[in-house]
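File shown here: data33.pdb, holding PDB, C-alpha atoms, pLDDT in the B column.
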ATOM      1  CA  MET A   1     119.519 126.452  97.039  1.00 84.00           C
ATOM      2  CA  SER A   2     121.144 125.097  93.889  1.00 94.00           C
ATOM      3  CA  THR A   3     119.973 125.941  90.398  1.00 96.00           C
ATOM      4  CA  GLN A   4     119.163 122.264  89.755  1.00 94.00           C
ATOM      5  CA  ILE A   5     116.887 122.041  92.801  1.00 95.00           C
ATOM      6  CA  LEU A   6     115.081 125.226  91.754  1.00 96.00           C
ATOM      7  CA  THR A   7     114.700 123.890  88.203  1.00 96.00           C
ATOM      8  CA  ASN A   8     113.315 120.605  89.565  1.00 97.00           C
ATOM      9  CA  MET A   9     110.884 122.440  91.845  1.00 97.00           C
ATOM     10  CA  PHE A  10     109.709 124.532  88.896  1.00 97.00           C
ATOM     11  CA  LEU A  11     109.162 121.406  86.752  1.00 97.00           C
ATOM     12  CA  VAL A  12     107.172 119.730  89.529  1.00 97.00           C
ATOM     13  CA  ALA A  13     105.140 122.888  90.178  1.00 98.00           C
ATOM     14  CA  ILE A  14     104.226 123.343  86.505  1.00 98.00           C
ATOM     15  CA  GLY A  15     103.454 119.632  86.080  1.00 97.00           C
ATOM     16  CA  SER A  16     101.367 119.613  89.257  1.00 97.00           C
ATOM     17  CA  GLY A  17      99.379 122.573  88.015  1.00 97.00           C
ATOM     18  CA  PHE A  18      98.565 120.797  84.759  1.00 97.00           C
ATOM     19  CA  GLY A  19      97.803 117.589  86.665  1.00 97.00           C
ATOM     20  CA  GLY A  20      95.502 119.287  89.149  1.00 96.00           C
ATOM     21  CA  ALA A  21      93.671 121.181  86.426  1.00 97.00           C
ATOM     22  CA  SER A  22      93.306 117.961  84.433  1.00 97.00           C
ATOM     23  CA  ARG A  23      92.002 116.136  87.504  1.00 94.00           C
ATOM     24  CA  TYR A  24      89.367 118.808  88.014  1.00 96.00           C
ATOM     25  CA  GLY A  25      88.423 118.897  84.324  1.00 96.00           C
ATOM     26  CA  LEU A  26      88.119 115.138  83.863  1.00 95.00           C
ATOM     27  CA  GLY A  27      86.307 114.754  87.183  1.00 91.00           C
ATOM     28  CA  LYS A  28      83.829 117.457  86.209  1.00 92.00           C
ATOM     29  CA  ILE A  29      83.203 115.932  82.781  1.00 94.00           C
ATOM     30  CA  VAL A  30      82.531 112.503  84.294  1.00 92.00           C
ATOM     31  CA  GLN A  31      80.418 113.918  87.124  1.00 88.00           C
ATOM     32  CA  ASP A  32      78.283 115.995  84.758  1.00 91.00           C
ATOM     33  CA  ASN A  33      77.790 113.228  82.186  1.00 92.00           C
ATOM     34  CA  VAL A  34      77.476 110.080  84.287  1.00 87.00           C
ATOM     35  CA  PRO A  35      75.032 110.859  87.092  1.00 78.00           C
ATOM     36  CA  THR A  36      75.381 108.213  89.779  1.00 80.00           C
ATOM     37  CA  GLY A  37      75.729 108.168  93.538  1.00 79.00           C
ATOM     38  CA  PHE A  38      79.076 106.408  93.043  1.00 83.00           C
ATOM     39  CA  PRO A  39      82.294 108.522  92.990  1.00 85.00           C
ATOM     40  CA  LEU A  40      83.017 107.551  89.385  1.00 89.00           C
ATOM     41  CA  ASN A  41      84.790 110.864  88.779  1.00 89.00           C
ATOM     42  CA  THR A  42      87.478 110.068  91.364  1.00 88.00           C
ATOM     43  CA  LEU A  43      87.724 106.464  90.233  1.00 90.00           C
ATOM     44  CA  SER A  44      88.222 107.618  86.630  1.00 91.00           C
ATOM     45  CA  VAL A  45      91.012 109.982  87.630  1.00 93.00           C
ATOM     46  CA  ASN A  46      92.708 107.359  89.798  1.00 91.00           C
ATOM     47  CA  VAL A  47      92.749 104.591  87.198  1.00 93.00           C
ATOM     48  CA  LEU A  48      93.762 106.963  84.383  1.00 93.00           C
ATOM     49  CA  GLY A  49      96.582 108.297  86.566  1.00 92.00           C
ATOM     50  CA  CYS A  50      97.747 104.709  87.124  1.00 92.00           C
ATOM     51  CA  LEU A  51      97.701 104.084  83.377  1.00 93.00           C
ATOM     52  CA  ILE A  52      99.729 107.230  82.678  1.00 92.00           C
ATOM     53  CA  LEU A  53     102.282 106.467  85.388  1.00 91.00           C
ATOM     54  CA  GLY A  54     102.596 102.869  84.188  1.00 89.00           C
ATOM     55  CA  ILE A  55     103.278 104.088  80.654  1.00 90.00           C
ATOM     56  CA  VAL A  56     105.859 106.631  81.849  1.00 89.00           C
ATOM     57  CA  TYR A  57     107.760 104.135  84.013  1.00 88.00           C
ATOM     58  CA  ALA A  58     107.695 101.478  81.292  1.00 88.00           C
ATOM     59  CA  LEU A  59     109.152 104.040  78.870  1.00 87.00           C
ATOM     60  CA  LEU A  60     111.793 104.986  81.426  1.00 87.00           C
ATOM     61  CA  GLU A  61     112.856 101.348  81.702  1.00 85.00           C
ATOM     62  CA  LYS A  62     113.478 101.349  77.944  1.00 84.00           C
ATOM     63  CA  GLY A  63     116.373 103.758  78.413  1.00 81.00           C
ATOM     64  CA  THR A  64     116.762 107.159  76.829  1.00 72.00           C
ATOM     65  CA  VAL A  65     113.162 107.663  75.754  1.00 81.00           C
ATOM     66  CA  MET A  66     112.816 110.819  77.850  1.00 87.00           C
ATOM     67  CA  SER A  67     115.009 113.247  79.731  1.00 90.00           C
ATOM     68  CA  ASP A  68     115.259 113.447  83.517  1.00 90.00           C
ATOM     69  CA  ASN A  69     113.421 116.768  83.372  1.00 94.00           C
ATOM     70  CA  MET A  70     110.522 115.219  81.436  1.00 93.00           C
ATOM     71  CA  ARG A  71     110.417 112.281  83.873  1.00 91.00           C
ATOM     72  CA  LEU A  72     110.212 114.660  86.827  1.00 94.00           C
ATOM     73  CA  PHE A  73     107.588 116.822  85.092  1.00 96.00           C
ATOM     74  CA  LEU A  74     105.403 113.779  84.302  1.00 94.00           C
ATOM     75  CA  THR A  75     105.844 111.688  87.483  1.00 92.00           C
ATOM     76  CA  ALA A  76     106.172 113.959  90.525  1.00 93.00           C
ATOM     77  CA  GLY A  77     104.610 116.861  88.617  1.00 95.00           C
ATOM     78  CA  PHE A  78     101.706 115.886  86.382  1.00 96.00           C
ATOM     79  CA  CYS A  79     100.818 112.522  87.941  1.00 93.00           C
ATOM     80  CA  GLY A  80     101.426 113.889  91.445  1.00 92.00           C
ATOM     81  CA  GLY A  81      99.007 116.735  90.761  1.00 95.00           C
ATOM     82  CA  PHE A  82      96.570 114.494  88.911  1.00 95.00           C
ATOM     83  CA  THR A  83      96.426 111.797  91.597  1.00 91.00           C
ATOM     84  CA  THR A  84      98.808 110.458  94.239  1.00 83.00           C
ATOM     85  CA  PHE A  85      96.916 107.182  93.960  1.00 90.00           C
ATOM     86  CA  SER A  86      98.993 106.356  90.895  1.00 88.00           C
ATOM     87  CA  THR A  87     102.213 106.732  92.877  1.00 88.00           C
ATOM     88  CA  PHE A  88     100.747 104.588  95.661  1.00 92.00           C
ATOM     89  CA  MET A  89      99.947 101.856  93.140  1.00 93.00           C
ATOM     90  CA  TYR A  90     103.390 102.076  91.524  1.00 92.00           C
ATOM     91  CA  GLU A  91     105.068 101.734  94.919  1.00 94.00           C
ATOM     92  CA  ASN A  92     102.993  98.627  95.595  1.00 94.00           C
ATOM     93  CA  HIS A  93     103.984  97.270  92.179  1.00 95.00           C
ATOM     94  CA  MET A  94     107.647  97.834  93.062  1.00 95.00           C
ATOM     95  CA  LEU A  95     107.241  96.019  96.382  1.00 96.00           C
ATOM     96  CA  LEU A  96     105.712  93.057  94.554  1.00 96.00           C
ATOM     97  CA  SER A  97     108.419  93.180  91.880  1.00 95.00           C
ATOM     98  CA  ASP A  98     111.028  93.004  94.644  1.00 96.00           C
ATOM     99  CA  ASN A  99     109.295  89.893  96.065  1.00 97.00           C
ATOM    100  CA  ARG A 100     108.163  91.810  99.131  1.00 96.00           C
ATOM    101  CA  GLY A 101     104.506  90.838  98.972  1.00 96.00           C
ATOM    102  CA  TRP A 102     103.914  91.094 102.713  1.00 97.00           C
ATOM    103  CA  TRP A 103     105.298  94.642 102.715  1.00 97.00           C
ATOM    104  CA  CYS A 104     102.956  95.424  99.831  1.00 96.00           C
ATOM    105  CA  ILE A 105      99.941  94.137 101.760  1.00 97.00           C
ATOM    106  CA  PHE A 106     101.092  95.952 104.902  1.00 96.00           C
ATOM    107  CA  TYR A 107     101.586  99.195 102.962  1.00 96.00           C
ATOM    108  CA  MET A 108      98.151  98.937 101.334  1.00 95.00           C
ATOM    109  CA  LEU A 109      96.334  98.180 104.575  1.00 96.00           C
ATOM    110  CA  LEU A 110      98.209 100.801 106.572  1.00 95.00           C
ATOM    111  CA  SER A 111      97.654 103.444 103.883  1.00 94.00           C
ATOM    112  CA  ILE A 112      93.934 102.786 103.563  1.00 94.00           C
ATOM    113  CA  ALA A 113      93.181 102.295 107.262  1.00 95.00           C
ATOM    114  CA  GLY A 114      95.572 105.046 108.365  1.00 93.00           C
ATOM    115  CA  GLY A 115      94.303 107.445 105.731  1.00 91.00           C
ATOM    116  CA  PHE A 116      90.708 106.866 106.721  1.00 93.00           C
ATOM    117  CA  LEU A 117      91.521 107.113 110.437  1.00 94.00           C
ATOM    118  CA  PHE A 118      93.368 110.397 110.045  1.00 93.00           C
ATOM    119  CA  LEU A 119      90.646 111.834 107.814  1.00 89.00           C
ATOM    120  CA  TYR A 120      88.135 110.928 110.533  1.00 91.00           C
ATOM    121  CA  LEU A 121      90.338 112.416 113.282  1.00 93.00           C
ATOM    122  CA  GLY A 122      90.798 115.655 111.349  1.00 92.00           C
ATOM    123  CA  TYR A 123      87.063 115.875 110.720  1.00 91.00           C
ATOM    124  CA  LYS A 124      86.255 115.244 114.396  1.00 92.00           C
ATOM    125  CA  LEU A 125      88.924 117.704 115.558  1.00 92.00           C
ATOM    126  CA  ILE A 126      87.491 120.558 113.535  1.00 91.00           C
ATOM    127  CA  ASN A 127      83.919 119.684 114.529  1.00 87.00           C
ATOM    128  CA  SER A 128      84.911 119.698 118.197  1.00 91.00           C
ATOM    129  CA  ILE A 129      86.509 123.158 117.834  1.00 90.00           C
ATOM    130  CA  PHE A 130      83.721 124.755 115.803  1.00 81.00           C
TER     131      PHE A 130
END
Would you mind writing the file out in structure tokens?
Amino acid sequence: MSTQILTNMFLVAIGSGFGGASRYGLGKIVQDNVPTGFPLNTLSVNVLGCLILGIVYALLEKGTVMSDNMRLFLTAGFCGGFTTFSTFMYENHMLLSDNRGWWCIFYMLLSIAGGFLFLYLGYKLINSIF
């Protein structure tokens, strides 16, 4: 494996660790301070992750605002560990920006329905075994 690939993997791993820890911390703060039956903690993380990823990609479009290593650390690393929902939303934004609205709708519906279906199947599988 090349040195660059190992460096990239390290950047993603460190960023993911910070992102995951931040997701837990923010979720816990919201959960402990806003008692509702609604999953506001997850919603907070998801929308904040979208904001962060939007800021990062807008900065990247401006040119040399950040290095490739910082981009990788923040996008695949931090935001990937914080929430993959932000990446999902960015990909939908890109489909719309490319005038591929039907693909965007298809991707959203397939992701939500498929994700829920496979969660259900995994849950049922384990319950049928144990």
Counting all atoms listed in the file, the residue of A:Lys62, A:Arg23, A:Arg100, A:His93 that sits nearest Leu48 in chain A
A:Arg23
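CA of Tyr90 in chain A sits 25.4 Å away from CA of Lys28 in chain A.
Between CA of Leu43 in chain A and CA of Gly27 in chain A the separation is 8.9 Å.
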Smallest atom-to-atom distance to Leu26 in chain A: which of A:Asn69, A:Asn92, A:Thr83, A:Thr7, using only C-alpha atoms?
A:Thr83
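This file gives the following result for the PyMOL selection byres ((chain A and resi 72) around 12): Ile5, Thr7, Asn8, Met9, Phe10, Leu11, Val12, Ala13, Ile14, Gly15, Ser16, Leu53, Val56, Tyr57, Leu60, Met66, Ser67, Asp68, Asn69, Met70, Arg71, Phe73, Leu74, Thr75, Ala76, Gly77, Phe78, Cys79 and Gly80 of chain A.
Across A:Thr3, A:Leu40, A:Phe88, A:Val34, the tightest approach to Leu109 in chain A is made by A:Phe88 when counting all atoms listed in the file.
Taking CA of Asn46 in chain A and CA of Ser86 in chain A as endpoints, the distance between them is 6.5 Å.
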Using the file's own x, y and z axes, so that the box edges lie along x, y and z, what centre and edge lengths in Å (one decimal) does a box around every listed atom of range 63-82 of chain A get when 8 Å is added on each side? Give it as JSON.
{"center_x": 106.7, "center_y": 110.3, "center_z": 83.6, "size_x": 36.2, "size_y": 29.1, "size_z": 31.7}
Evaluate the PyMOL selection byres ((chain A and resi 104) around 9) here and jot the selected residues down as a PyMOL selection string.
chain A and resi 91-96+100-103+105-109
Those same residues, written as a CSV table (one decimal), in the coordinates of the input with C-alpha atoms?
chain,number,residue,atom,x,y,z
A,91,GLU,CA,105.1,101.7,94.9
A,92,ASN,CA,103.0,98.6,95.6
A,93,HIS,CA,104.0,97.3,92.2
A,94,MET,CA,107.6,97.8,93.1
A,95,LEU,CA,107.2,96.0,96.4
A,96,LEU,CA,105.7,93.1,94.6
A,100,ARG,CA,108.2,91.8,99.1
A,101,GLY,CA,104.5,90.8,99.0
A,102,TRP,CA,103.9,91.1,102.7
A,103,TRP,CA,105.3,94.6,102.7
A,105,ILE,CA,99.9,94.1,101.8
A,106,PHE,CA,101.1,96.0,104.9
A,107,TYR,CA,101.6,99.2,103.0
A,108,MET,CA,98.2,98.9,101.3
A,109,LEU,CA,96.3,98.2,104.6
Of the candidates A:Leu119, A:Val45, A:Ala58, A:Thr64, which one gets nearest to Gly19 in chain A if we count all atoms listed in the file?
A:Val45
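Considering the residues A:Ser111, A:Thr87, A:Ser44, A:Ser97 and counting all atoms listed in the file, Tyr24 in chain A has its shortest atom-to-atom contact with A:Ser44.
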Restore N, CA, C and O atoms in range 59-70 of chain A and list the result as a short mmCIF file (atom, residue, chain, number, x, y, z; two decimals), in the coordinates of the input.
data_model
loop_
_atom_site.label_atom_id
_atom_site.label_comp_id
_atom_site.auth_asym_id
_atom_site.auth_seq_id
_atom_site.Cartn_x
_atom_site.Cartn_y
_atom_site.Cartn_z
N LEU A 59 108.29 103.33 79.82
CA LEU A 59 109.15 104.04 78.87
C LEU A 59 110.52 104.34 79.48
O LEU A 59 111.54 104.22 78.81
N LEU A 60 110.53 104.70 80.75
CA LEU A 60 111.79 104.99 81.43
C LEU A 60 112.69 103.75 81.49
O LEU A 60 113.91 103.85 81.38
N GLU A 61 112.09 102.59 81.66
CA GLU A 61 112.86 101.35 81.70
C GLU A 61 113.49 101.03 80.35
O GLU A 61 114.44 100.25 80.29
N LYS A 62 112.95 101.60 79.29
CA LYS A 62 113.48 101.35 77.94
C LYS A 62 114.75 102.13 77.68
O LYS A 62 115.38 101.97 76.65
N GLY A 63 115.12 103.02 78.58
CA GLY A 63 116.37 103.76 78.41
C GLY A 63 116.18 105.23 78.18
O GLY A 63 115.56 105.91 78.97
N THR A 64 116.69 105.72 77.08
CA THR A 64 116.76 107.16 76.83
C THR A 64 115.55 107.69 76.07
O THR A 64 115.69 108.50 75.17
N VAL A 65 114.38 107.22 76.44
CA VAL A 65 113.16 107.66 75.75
C VAL A 65 112.79 109.08 76.16
O VAL A 65 112.23 109.84 75.38
N MET A 66 113.14 109.46 77.40
CA MET A 66 112.82 110.82 77.85
C MET A 66 113.90 111.33 78.79
O MET A 66 114.59 110.54 79.43
N SER A 67 114.00 112.62 78.88
CA SER A 67 115.01 113.25 79.73
C SER A 67 114.60 113.17 81.20
O SER A 67 113.43 112.91 81.53
N ASP A 68 115.55 113.41 82.08
CA ASP A 68 115.26 113.45 83.52
C ASP A 68 114.26 114.55 83.84
O ASP A 68 113.39 114.38 84.70
N ASN A 69 114.37 115.67 83.14
CA ASN A 69 113.42 116.77 83.37
C ASN A 69 112.00 116.37 82.98
O ASN A 69 111.04 116.67 83.70
N MET A 70 111.85 115.67 81.87
CA MET A 70 110.52 115.22 81.44
C MET A 70 109.98 114.18 82.41
O MET A 70 108.79 114.20 82.75
#
